[in-house]
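Participant: What follows is the file query.txt, containing compact mmCIF, C-alpha atoms:
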# COMPACT_ATOMS: atom_id res chain seq x y z
CA MET K 452 43.53 -7.99 -24.40
CA SER K 453 43.77 -4.24 -24.43
CA SER K 454 40.56 -4.04 -26.45
CA LEU K 455 38.85 -5.93 -23.60
CA GLU K 456 40.08 -3.21 -21.19
CA ILE K 457 41.80 -5.76 -18.98
CA ASP K 458 43.73 -4.42 -16.02
CA TRP K 459 46.22 -7.12 -14.98
CA LYS K 460 46.30 -5.90 -11.41
CA ILE K 461 42.54 -6.26 -11.03
CA LEU K 462 42.70 -9.63 -12.77
CA VAL K 463 45.34 -10.82 -10.30
CA GLY K 464 43.27 -9.30 -7.50
CA GLN K 465 40.22 -11.27 -8.63
CA ILE K 466 42.27 -14.48 -8.84
CA VAL K 467 43.68 -13.87 -5.36
CA ASN K 468 40.19 -13.10 -4.04
CA PHE K 469 38.81 -16.33 -5.43
CA ALA K 470 41.88 -18.30 -4.33
CA ILE K 471 41.46 -17.06 -0.75
CA LEU K 472 37.76 -17.99 -0.79
CA PHE K 473 38.53 -21.38 -2.32
CA PHE K 474 41.26 -22.32 0.15
CA ALA K 475 39.33 -20.91 3.10
CA LEU K 476 36.26 -22.94 2.17
CA LYS K 477 38.37 -25.99 1.41
CA PHE K 478 40.10 -25.76 4.77
CA PHE K 479 37.19 -24.67 6.98
CA VAL K 480 34.15 -26.07 5.21
CA TYR K 481 34.70 -28.81 2.62
CA GLY K 482 37.38 -30.67 4.57
CA PRO K 483 35.35 -30.87 7.79
CA PHE K 484 32.17 -31.48 5.75
CA THR K 485 33.70 -34.43 3.90
CA LYS K 486 35.12 -35.76 7.17
CA LEU K 487 31.79 -35.30 8.89
CA VAL K 488 29.87 -37.01 6.11
CA LYS K 489 32.36 -39.88 6.14
CA GLU K 490 32.11 -40.12 9.92
CA ARG K 491 28.33 -40.09 9.71
CA ARG K 492 28.33 -42.69 6.96
CA ASP K 493 30.64 -44.87 9.07
CA LYS K 494 28.38 -44.41 12.07
CA ILE K 495 25.29 -45.24 10.03
CA GLU K 496 27.02 -48.30 8.61
CA GLU K 497 28.10 -49.27 12.11
CA GLY K 498 24.54 -48.71 13.33
CA ILE K 499 23.12 -50.81 10.51
CA ASN K 500 25.65 -53.55 11.18
CA LYS K 501 24.86 -53.44 14.88
CA SER K 502 21.17 -53.52 14.13
CA LEU K 503 21.67 -56.51 11.82
CA MET K 504 23.74 -58.21 14.52
CA ALA K 505 21.09 -57.41 17.09
CA ASP K 506 18.44 -58.86 14.80
CA GLU K 507 20.54 -61.96 14.35
CA ASN K 508 21.09 -62.24 18.09
CA LEU K 509 17.42 -61.68 18.72
CA LYS K 510 16.63 -64.43 16.25
CA LYS K 511 19.09 -66.71 18.03
CA ILE K 512 17.60 -65.78 21.38
CA ASP K 513 14.13 -66.48 20.04
CA GLU K 514 15.30 -69.82 18.75
CA LEU K 515 16.91 -70.60 22.10
CA LYS K 516 13.78 -69.46 23.88
CA GLU K 517 11.62 -71.63 21.68
CA LYS K 518 13.97 -74.54 22.17
CA SER K 519 14.06 -73.99 25.90
CA ILE K 520 10.25 -73.71 26.03
CA LYS K 521 9.97 -76.89 24.03
CA GLU K 522 12.47 -78.64 26.28
CA SER K 523 10.75 -77.38 29.37
CA GLU K 524 7.39 -78.50 27.98
CA GLU K 525 8.83 -81.92 27.34
CA GLU K 526 10.40 -82.03 30.78
CA LYS K 527 7.15 -80.90 32.30
CA LYS K 528 5.32 -83.58 30.40
CA LYS K 529 7.87 -86.16 31.48
CA ALA K 530 7.72 -84.99 35.07
CA PHE K 531 3.95 -85.09 34.94
CA ILE K 532 3.95 -88.60 33.56
CA LYS K 533 6.55 -89.60 36.15
CA THR K 534 4.50 -88.02 38.92
CA GLU K 535 1.37 -89.70 37.69
CA GLU K 536 3.18 -93.01 37.60
CA GLU K 537 4.58 -92.39 41.08
CA ILE K 538 1.14 -91.49 42.40
CA LYS K 539 -0.30 -94.60 40.81
CA ARG K 540 2.48 -96.71 42.21
CA ARG K 541 2.12 -95.23 45.66
CA LYS K 542 -1.64 -95.60 45.51
CA GLU K 543 -1.27 -99.23 44.54
CA GLU K 544 1.28 -99.72 47.28
CA ALA K 545 -0.97 -98.04 49.82
CA GLU K 546 -3.92 -100.09 48.66
CA LYS K 547 -1.88 -103.25 48.86
CA LYS K 548 -0.61 -102.35 52.28
CA ALA K 549 -4.10 -101.45 53.46
CA GLU K 550 -5.41 -104.75 52.10
CA GLU K 551 -2.61 -106.60 53.83
CA GLU K 552 -3.27 -104.75 57.07
CA ARG K 553 -6.97 -105.37 56.71
CA LEU K 554 -6.37 -109.06 56.16
CA LEU K 555 -3.94 -109.14 59.05
CA LEU K 556 -6.41 -107.34 61.26
CA LEU K 557 -9.19 -109.62 60.14
CA ALA K 558 -7.10 -112.68 60.87
CA LYS K 559 -6.16 -111.24 64.24
CA SER K 560 -9.77 -110.40 65.02
CA LYS K 561 -10.85 -113.86 63.91
CA LYS K 562 -8.24 -115.39 66.09
CA GLU K 563 -9.22 -113.22 69.03
CA ALA K 564 -12.88 -114.09 68.47
CA GLU K 565 -11.95 -117.76 68.28
CA ASP K 566 -9.96 -117.39 71.49
CA ILE K 567 -12.84 -115.63 73.21
CA LYS K 568 -15.23 -118.25 71.93
CA GLU K 569 -12.95 -121.00 73.09
CA LYS K 570 -12.57 -119.36 76.46
CA GLU K 571 -16.33 -118.92 76.75
CA ARG K 572 -16.88 -122.52 75.71
CA GLU K 573 -14.36 -123.65 78.26
CA LYS K 574 -15.96 -121.48 80.86
CA THR K 575 -19.43 -122.76 79.99
CA ARG K 576 -18.20 -126.31 79.97
CA LYS K 577 -16.63 -125.76 83.36
CA GLU K 578 -19.80 -124.14 84.67
CA VAL K 579 -21.92 -126.99 83.27
CA ILE K 580 -19.66 -129.53 84.93
CA ASP K 581 -19.69 -127.57 88.15
CA SER K 582 -23.43 -127.27 88.04
CA ALA K 583 -23.81 -130.93 87.17
CA PHE K 584 -21.68 -131.75 90.15
CA SER K 585 -23.66 -129.44 92.44
CA LEU K 586 -26.94 -130.85 91.08
CA THR K 587 -25.79 -134.33 91.61
CA GLU K 588 -24.72 -133.40 95.09
CA LYS K 589 -28.05 -131.82 95.68
CA LEU K 590 -29.93 -134.85 94.36
CA ILE K 591 -27.89 -137.10 96.40
CA LYS K 592 -28.20 -135.01 99.56
CA GLU K 593 -31.90 -134.48 99.28
CA ASN K 594 -34.23 -137.39 98.81
CA VAL K 595 -36.68 -135.86 96.69
CA ASP K 596 -39.81 -137.05 94.90
CA GLU K 597 -40.26 -137.20 91.22
CA SER K 598 -41.98 -133.81 91.01
CA LYS K 599 -39.40 -132.10 93.14
CA ASN K 600 -36.69 -133.78 91.19
CA LYS K 601 -38.22 -132.48 88.01
CA LYS K 602 -38.33 -129.00 89.48
CA ILE K 603 -34.68 -129.07 90.49
CA VAL K 604 -33.71 -130.23 87.04
CA ASN K 605 -35.83 -127.49 85.42
CA ASP K 606 -34.32 -124.83 87.70
CA PHE K 607 -30.92 -126.05 86.80
CA LEU K 608 -31.74 -125.97 83.10
CA ASN K 609 -33.14 -122.42 83.47
CA LYS K 610 -30.02 -121.38 85.26
CA ILE K 611 -27.84 -122.75 82.46
CA GLU K 612 -29.92 -120.99 79.83
CA THR K 613 -29.53 -117.64 81.58
CA MET B 556 19.81 10.39 -18.72
CA LYS B 557 22.79 8.79 -20.39
CA ILE B 558 23.55 5.06 -20.04
CA HIS B 559 27.18 4.30 -19.45
CA ILE B 560 28.25 0.83 -20.61
CA ALA B 561 31.75 -0.46 -19.86
CA LEU B 562 33.27 -3.94 -20.05
CA THR B 563 34.94 -3.53 -16.69
CA GLY B 564 33.79 -2.03 -13.42
CA GLU B 565 34.04 1.56 -12.35
CA PRO B 566 37.03 2.35 -10.12
CA VAL B 567 35.88 3.40 -6.67
CA PHE B 568 39.25 3.90 -4.98
CA THR B 569 42.89 2.97 -5.42
CA PHE B 570 44.90 1.11 -2.82
CA LEU B 571 48.56 0.02 -3.23
CA GLY B 572 48.33 0.88 -6.90
CA ILE B 573 45.34 -1.45 -7.44
CA ALA B 574 42.16 0.19 -8.64
CA PHE B 575 39.31 -1.24 -6.59
CA THR B 576 36.37 -1.26 -8.98
CA ASN B 577 32.73 -1.62 -7.94
CA THR B 578 32.66 -5.18 -9.27
CA PHE B 579 35.89 -6.09 -7.48
CA ILE B 580 34.55 -4.74 -4.19
CA LEU B 581 31.28 -6.62 -4.66
CA SER B 582 33.14 -9.83 -5.48
CA ILE B 583 35.10 -9.44 -2.23
CA ILE B 584 31.81 -8.85 -0.39
CA CYS B 585 30.30 -11.93 -2.06
CA ALA B 586 33.31 -14.01 -1.00
CA LEU B 587 32.96 -12.72 2.55
CA ILE B 588 29.21 -13.46 2.60
CA ILE B 589 29.74 -17.02 1.35
CA PHE B 590 32.54 -17.73 3.79
CA SER B 591 30.62 -16.16 6.70
CA PHE B 592 27.50 -18.20 5.99
CA PHE B 593 29.34 -21.48 5.65
CA ALA B 594 31.60 -20.78 8.62
CA PHE B 595 28.53 -19.93 10.68
CA ALA B 596 26.67 -23.03 9.52
CA PHE B 597 29.61 -25.31 10.28
CA ARG B 598 30.78 -23.55 13.46
CA LYS B 599 29.54 -26.50 15.50
CA ARG B 600 30.12 -29.61 13.50
CA GLU B 601 27.88 -32.27 14.87
CA ILE B 602 27.13 -35.78 13.73
CA VAL B 603 23.44 -35.05 14.22
CA PRO B 604 23.16 -31.67 12.47
CA GLY B 605 21.14 -28.68 13.59
CA LYS B 606 18.75 -26.83 11.25
CA MET B 607 21.39 -24.50 9.81
CA GLN B 608 24.02 -27.20 9.41
CA ASN B 609 21.43 -29.47 7.86
CA LEU B 610 20.49 -26.85 5.26
CA PHE B 611 24.10 -26.21 4.25
CA GLU B 612 24.90 -29.91 4.24
CA TRP B 613 21.92 -30.44 1.99
CA ILE B 614 23.19 -27.74 -0.40
CA LEU B 615 26.69 -29.23 -0.50
CA ASP B 616 25.32 -32.74 -0.85
CA LEU B 617 23.12 -31.65 -3.76
CA ILE B 618 26.08 -29.98 -5.50
CA PHE B 619 28.20 -33.07 -4.84
CA SER B 620 25.56 -35.33 -6.40
CA ILE B 621 25.34 -33.13 -9.50
CA PHE B 622 29.11 -33.25 -10.09
CA ASP B 623 29.34 -36.90 -9.20
CA GLY B 624 26.88 -37.62 -11.98
CA MET B 625 29.06 -35.64 -14.38
CA THR B 626 32.43 -37.15 -13.54
CA GLY B 627 31.11 -40.68 -13.07
CA ASN B 628 34.00 -41.30 -10.70
CA ARG B 629 33.59 -40.86 -6.94
CA LYS B 630 37.30 -40.30 -6.30
CA LYS B 631 37.59 -37.62 -8.96
CA THR B 632 34.42 -35.96 -7.72
CA GLU B 633 35.89 -35.79 -4.23
CA GLU B 634 39.01 -34.14 -5.66
CA ILE B 635 37.25 -31.54 -7.83
CA PHE B 636 34.22 -30.99 -5.60
CA PRO B 637 35.72 -28.13 -3.51
CA LEU B 638 36.60 -26.15 -6.63
CA CYS B 639 33.35 -26.82 -8.47
CA ALA B 640 31.21 -26.12 -5.40
CA THR B 641 33.06 -22.86 -4.69
CA LEU B 642 32.73 -21.80 -8.32
CA PHE B 643 29.05 -22.67 -8.46
CA ILE B 644 28.15 -20.87 -5.23
CA PHE B 645 30.39 -17.88 -5.95
CA ILE B 646 29.15 -17.36 -9.52
CA LEU B 647 25.54 -17.95 -8.49
CA LEU B 648 25.73 -15.38 -5.72
CA SER B 649 27.53 -12.91 -8.02
CA ASN B 650 24.80 -13.37 -10.61
CA LEU B 651 21.91 -13.22 -8.18
CA ILE B 652 23.24 -10.15 -6.38
CA GLU B 653 22.22 -8.38 -9.57
CA ILE B 654 18.56 -8.58 -8.59
CA ILE B 655 19.12 -6.52 -5.45
CA PRO B 656 17.39 -3.20 -6.11
CA GLY B 657 19.88 -0.56 -7.20
CA LEU B 658 22.46 -2.91 -8.65
CA GLY B 659 22.99 -2.28 -12.32
CA VAL B 660 21.18 1.01 -12.03
CA PHE B 661 23.72 2.95 -10.02
CA SER B 662 27.17 3.03 -11.49
CA PHE B 663 28.87 2.31 -8.17
CA LEU B 664 26.96 -0.99 -7.85
CA ARG B 665 27.33 -3.66 -10.49
CA SER B 666 27.13 -7.42 -10.51
CA PRO B 667 30.69 -8.86 -10.24
CA SER B 668 30.05 -11.46 -12.90
CA SER B 669 29.37 -8.78 -15.49
CA ASP B 670 33.04 -7.80 -15.25
CA ILE B 671 35.50 -9.67 -17.46
CA HIS B 672 38.17 -9.55 -14.74
CA PHE B 673 35.95 -11.62 -12.51
CA THR B 674 35.05 -14.31 -15.06
CA LEU B 675 38.54 -14.49 -16.55
CA GLY B 676 40.07 -14.63 -13.08
CA LEU B 677 37.87 -17.61 -12.17
CA ALA B 678 38.68 -19.35 -15.45
CA ILE B 679 42.46 -18.83 -15.06
CA PHE B 680 42.48 -20.03 -11.46
CA SER B 681 40.29 -23.06 -12.23
CA MET B 682 42.28 -24.15 -15.26
CA GLY B 683 45.51 -23.58 -13.33
CA PHE B 684 44.19 -25.79 -10.54
CA ILE B 685 43.18 -28.47 -13.06
CA HIS B 686 46.63 -28.51 -14.64
CA TYR B 687 48.33 -28.58 -11.26
CA SER B 688 46.15 -31.58 -10.32
CA ALA B 689 46.94 -33.22 -13.65
CA ILE B 690 50.69 -32.88 -13.02
CA LYS B 691 50.18 -34.31 -9.51
CA HIS B 692 48.18 -37.24 -10.88
CA LEU B 693 50.05 -38.09 -14.03
CA GLY B 694 53.55 -36.89 -13.16
CA GLY B 695 55.43 -34.12 -14.97
CA ILE B 696 56.68 -36.25 -17.88
CA SER B 697 53.35 -37.89 -18.66
CA TYR B 698 51.67 -34.49 -18.45
CA LEU B 699 54.15 -32.90 -20.85
CA LYS B 700 53.79 -35.85 -23.23
CA LYS B 701 50.20 -34.80 -23.78
CA TYR B 702 51.40 -31.56 -25.38
CA ILE B 703 54.87 -32.36 -26.63
CA ARG B 704 54.66 -35.43 -28.86
CA LEU B 705 57.80 -36.44 -30.63
CA ASP B 706 56.63 -39.69 -32.24
CA SER B 707 55.72 -38.04 -35.57
CA PRO B 708 55.56 -34.52 -37.04
CA ILE B 709 51.75 -34.78 -37.24
CA MET B 710 51.46 -35.76 -33.61
CA PHE B 711 53.87 -32.97 -32.69
CA PHE B 712 51.51 -30.54 -34.40
CA VAL B 713 48.53 -32.15 -32.66
CA GLY B 714 50.32 -31.68 -29.32
CA ILE B 715 50.85 -27.98 -30.03
CA LEU B 716 47.18 -27.67 -30.97
CA GLU B 717 46.28 -29.39 -27.68
CA GLY B 718 48.38 -26.86 -25.79
CA MET B 719 46.80 -23.95 -27.60
CA GLY B 720 43.43 -25.58 -26.96
CA GLU B 721 44.04 -25.32 -23.25
CA ILE B 722 44.63 -21.56 -23.55
CA THR B 723 41.58 -20.99 -25.73
CA ARG B 724 39.54 -23.21 -23.42
CA THR B 725 40.47 -20.95 -20.50
CA LEU B 726 39.66 -17.79 -22.44
CA SER B 727 36.41 -19.17 -23.80
CA LEU B 728 35.33 -20.21 -20.31
CA GLY B 729 35.84 -16.71 -18.98
CA ILE B 730 34.45 -14.87 -21.98
CA ARG B 731 31.36 -17.14 -22.25
CA LEU B 732 30.36 -16.39 -18.68
CA PHE B 733 31.14 -12.73 -19.08
CA GLY B 734 29.20 -12.46 -22.36
CA ASN B 735 26.07 -14.05 -20.94
CA LEU B 736 25.97 -12.03 -17.77
CA PHE B 737 27.13 -8.77 -19.27
CA ALA B 738 24.35 -9.07 -21.87
CA GLY B 739 21.84 -9.70 -19.10
CA GLU B 740 23.13 -6.73 -17.17
CA ILE B 741 22.83 -4.46 -20.19
CA LEU B 742 19.38 -5.80 -20.99
CA LEU B 743 18.19 -5.08 -17.47
CA MET B 744 19.78 -1.67 -17.51
CA ILE B 745 18.13 -0.71 -20.82
CA VAL B 746 14.71 -2.12 -19.90
CA THR B 747 14.77 -0.42 -16.51
CA PHE B 748 15.84 2.82 -18.19
CA MET B 749 13.04 2.65 -20.78
CA ILE B 750 10.10 1.35 -18.72
CA PRO B 751 11.03 1.21 -15.08
CA PHE B 752 7.69 -0.08 -13.78
CA LEU B 753 6.69 -3.83 -13.94
CA VAL B 754 8.24 -4.49 -17.36
CA PRO B 755 11.72 -5.36 -15.99
CA LEU B 756 10.19 -8.09 -13.79
CA PRO B 757 10.14 -10.89 -16.43
CA PHE B 758 13.67 -9.92 -17.42
CA LEU B 759 14.73 -10.15 -13.79
CA GLY B 760 13.21 -13.65 -13.64
CA LEU B 761 15.05 -14.55 -16.81
CA GLU B 762 18.28 -13.19 -15.34
CA ILE B 763 17.85 -15.38 -12.24
CA PHE B 764 17.39 -18.40 -14.48
CA VAL B 765 20.35 -17.46 -16.71
CA GLY B 766 22.47 -16.77 -13.64
CA PHE B 767 21.75 -20.23 -12.27
CA ILE B 768 22.33 -21.94 -15.61
CA GLN B 769 25.60 -20.10 -16.23
CA ALA B 770 26.91 -20.95 -12.77
CA LEU B 771 26.06 -24.58 -13.41
CA VAL B 772 27.56 -24.55 -16.92
CA PHE B 773 30.82 -22.98 -15.76
CA SER B 774 31.34 -25.37 -12.84
CA SER B 775 30.21 -28.38 -14.90
CA LEU B 776 32.71 -27.53 -17.63
CA ILE B 777 35.44 -27.30 -15.01
CA ALA B 778 34.46 -30.76 -13.73
CA VAL B 779 34.52 -32.19 -17.24
CA PHE B 780 37.86 -30.52 -18.08
CA TYR B 781 39.27 -31.94 -14.86
CA VAL B 782 38.24 -35.46 -15.78
CA VAL B 783 39.61 -35.07 -19.32
CA THR B 784 42.88 -33.43 -18.28
CA THR B 785 43.67 -35.87 -15.47
CA ALA B 786 42.76 -38.92 -17.57
CA GLU B 787 45.72 -41.12 -18.48
CA GLU B 788 46.36 -41.58 -22.18
CA HIS B 789 46.21 -45.11 -23.57
Translate this file's structure into structure tokens.

Facilitator:
Amino acid sequence: MSSLEIDWKILVGQIVNFAILFFALKFFVYGPFTKLVKERRDKIEEGINKSLMADENLKKIDELKEKSIKESEEEKKKAFIKTEEEIKRRKEEAEKKAEEERLLLLAKSKKEAEDIKEKEREKTRKEVIDSAFSLTEKLIKENVDESKNKKIVNDFLNKIET
Amino acid sequence: MKIHIALTGEPVFTFLGIAFTNTFILSIICALIIFSFFAFAFRKREIVPGKMQNLFEWILDLIFSIFDGMTGNRKKTEEIFPLCATLFIFILLSNLIEIIPGLGVFSFLRSPSSDIHFTLGLAIFSMGFIHYSAIKHLGGISYLKKYIRLDSPIMFFVGILEGMGEITRTLSLGIRLFGNLFAGEILLMIVTFMIPFLVPLPFLGLEIFVGFIQALVFSSLIAVFYVVTTAEEH
């Protein structure tokens, strides 16, 4: 080693110098760096996992949404059909009721008309009888000739007609 | 003008009986620069990094990926990464500091990695760390069994050769790095001395490339030695 001009003190000094640098870097740089990288990797992994979970959840939500939309569509359809049926039923009911009322009203009107007619007939009959009586009385009271008689009868008939 | 070529640095001053050479001082400065930059970049450690933190994280991540490919074992990479990354950055900066104008020209400024103390020091520390980790992983007895084999005289000899191999491995690591960078330093010095204008530029480019390659080779070898030394024998 003497031919290489090695000074043991400098050699030890160089070793110590490198050792200090090595341990200083190991303690202040590599340790925190490794920890940081590990932490970051964990965070990235966590992020990826969360993202995957979120994707899965989103997929589930989409499925639920689709299902719910489908269900709601079906319900809507059902409700629509039900409503249509109800409207139809009510319409039929209303029509039936109206028909019944119409018939009832018609029958009532018919009856009323019949009553009025009957009343009028009765009234007319009564008037005819009364007039016949008064005519008879008149014919009896007055001794009239054939032409006068004819005139009285015609007046009477005109009166009845009016 | 006379060119002075020495294997070690030039002493600048002496403190507590230790001669502080130009290379030693520069290696301390390099260590301080590296630590300051990283400490500054990671002063606020945030999950979402800022520009500076992002840059340094990218550098570390790149280095980690390189060594992970070499070890082929994530756990072992995590264990050896601090050493390999420090070696790579430290050697790279020590090599690249050579291209700063004045370095290698003035005797009081010289690239740290062109000093054998620097390269040998790194090799000794790294191999020491690897063996310490091996003892921690395998246990003292299993570790010793790799070098002291009593099952047959041949295996006993093989064990001794393995032990010697570890020493030569350490020396070769240090001397390889030193040889490459010292040669580059001398080449630059001579070329700059002969034709100082434009001609040294391609050599400087070559030195940057060699500096990068050598830093990578040294730290890669440490990663491989770590995997081999801490591997359990079947």

Participant: At a cut-off of 8 Å, using all atoms listed in the file, what residues contact Leu586 (chain K)? Leave out same-chain residues fewer than 4 positions from it and give the result as number ranges by chain.

Facilitator: K: 582, 590, 603-604, 607

Participant: As a PyMOL selection string, please: the residues near Val783 (chain B) (cut-off 12 Å, all atoms listed in the file, same-chain neighbours under 2 positions excluded).

Facilitator: chain B and resi 625-627+631+682+685-686+688-689+701+721+776-781+785-788

Participant: Can you write out as a Markdown table which residues of region 670-778 of chain B fall within 12 Å of region 561-583 of chain B, alongside each residue's closest atom pair and its distance in Å to one decimal, counting all atoms listed in the file and ordering rows by chain and ascending residue number?

Facilitator:
| residue | atom | partner | partner_atom | distance |
| --- | --- | --- | --- | --- |
| B:Asp670 | CA | B:Thr563 | CA | 4.9 |
| B:Ile671 | CA | B:Thr563 | CA | 6.2 |
| B:His672 | CA | B:Thr563 | CA | 7.1 |
| B:Phe673 | CA | B:Phe579 | CA | 7.5 |
| B:Thr674 | CA | B:Ser582 | CA | 10.7 |
| B:Leu675 | CA | B:Thr563 | CA | 11.5 |
| B:Gly676 | CA | B:Phe579 | CA | 11.0 |
| B:Leu677 | CA | B:Ser582 | CA | 11.3 |
| B:Ile730 | CA | B:Leu562 | CA | 11.2 |
| B:Phe733 | CA | B:Leu562 | CA | 9.1 |
| B:Gly734 | CA | B:Leu562 | CA | 9.7 |
| B:Leu736 | CA | B:Leu562 | CA | 11.1 |
| B:Phe737 | CA | B:Leu562 | CA | 7.9 |
| B:Ala738 | CA | B:Leu562 | CA | 10.4 |
| B:Glu740 | CA | B:Leu562 | CA | 10.9 |
| B:Ile741 | CA | B:Ala561 | CA | 9.8 |

Participant: One decimal, in Å: what's the spacing between CA of Leu509 (chain K) and CA of Ile495 (chain K)?

Facilitator: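 According to the coordinates, CA of Leu509 (chain K) and CA of Ile495 (chain K) are separated by 20.2 Å.
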
Participant: Quick one: pull the distance between CA of Phe758 (chain B) and CA of Ile652 (chain B), Å, one decimal.

Facilitator: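 CA of Ile652 (chain B) lies at a distance of 14.6 Å from CA of Phe758 (chain B).
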
Participant: Go through K:Phe469, K:Leu462, K:Lys599, K:Thr534 one by one, measure the shortest atom-to-atom distance of each to Ile646 (chain B) using only C-alpha atoms, and give the residue with the smallest value.

Facilitator: K:Phe469

Participant: Compile the residues of chain K that lie within 9 Å of chain B, evaluated using only C-alpha atoms, and express the compilation as a PyMOL selection string.

Facilitator: chain K and resi 455-477+479-485+487-488+490-491+494

Participant: In Å, with one decimal, what is the gap from CA of Ser697 (chain B) to CA of Ile709 (chain B)?

Facilitator: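 Computing it gives 18.9 Å between the two atoms.
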
Participant: Taking 3 positions as the minimum chain separation for residues in the same chain, which residues sit within 12 Å of Leu756 (chain B) when counting all atoms listed in the file? Answer as a count of residues only.

Facilitator: 15

Participant: B:Ile696, B:Leu610, B:Leu728, B:Ile715: which is nearest Val772 (chain B), counting all atoms listed in the file?

Facilitator: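 Using all atoms listed in the file, the shortest distance to Val772 (chain B) belongs to B:Leu728.
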
Participant: Report as a tab-separated table (two decimals) with C-alpha atoms, in the coordinates of the input all protein, DNA and RNA residues lying within 6 Å of Phe767 (chain B), evaluated on all atoms listed in the file, omitting residues in the same chain fewer than 3 positions from it.

Facilitator:
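Result saved to part.tsv:
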chain	number	residue	atom	x	y	z
B	647	LEU	CA	25.54	-17.95	-8.49
B	764	PHE	CA	17.39	-18.40	-14.48
B	770	ALA	CA	26.91	-20.95	-12.77
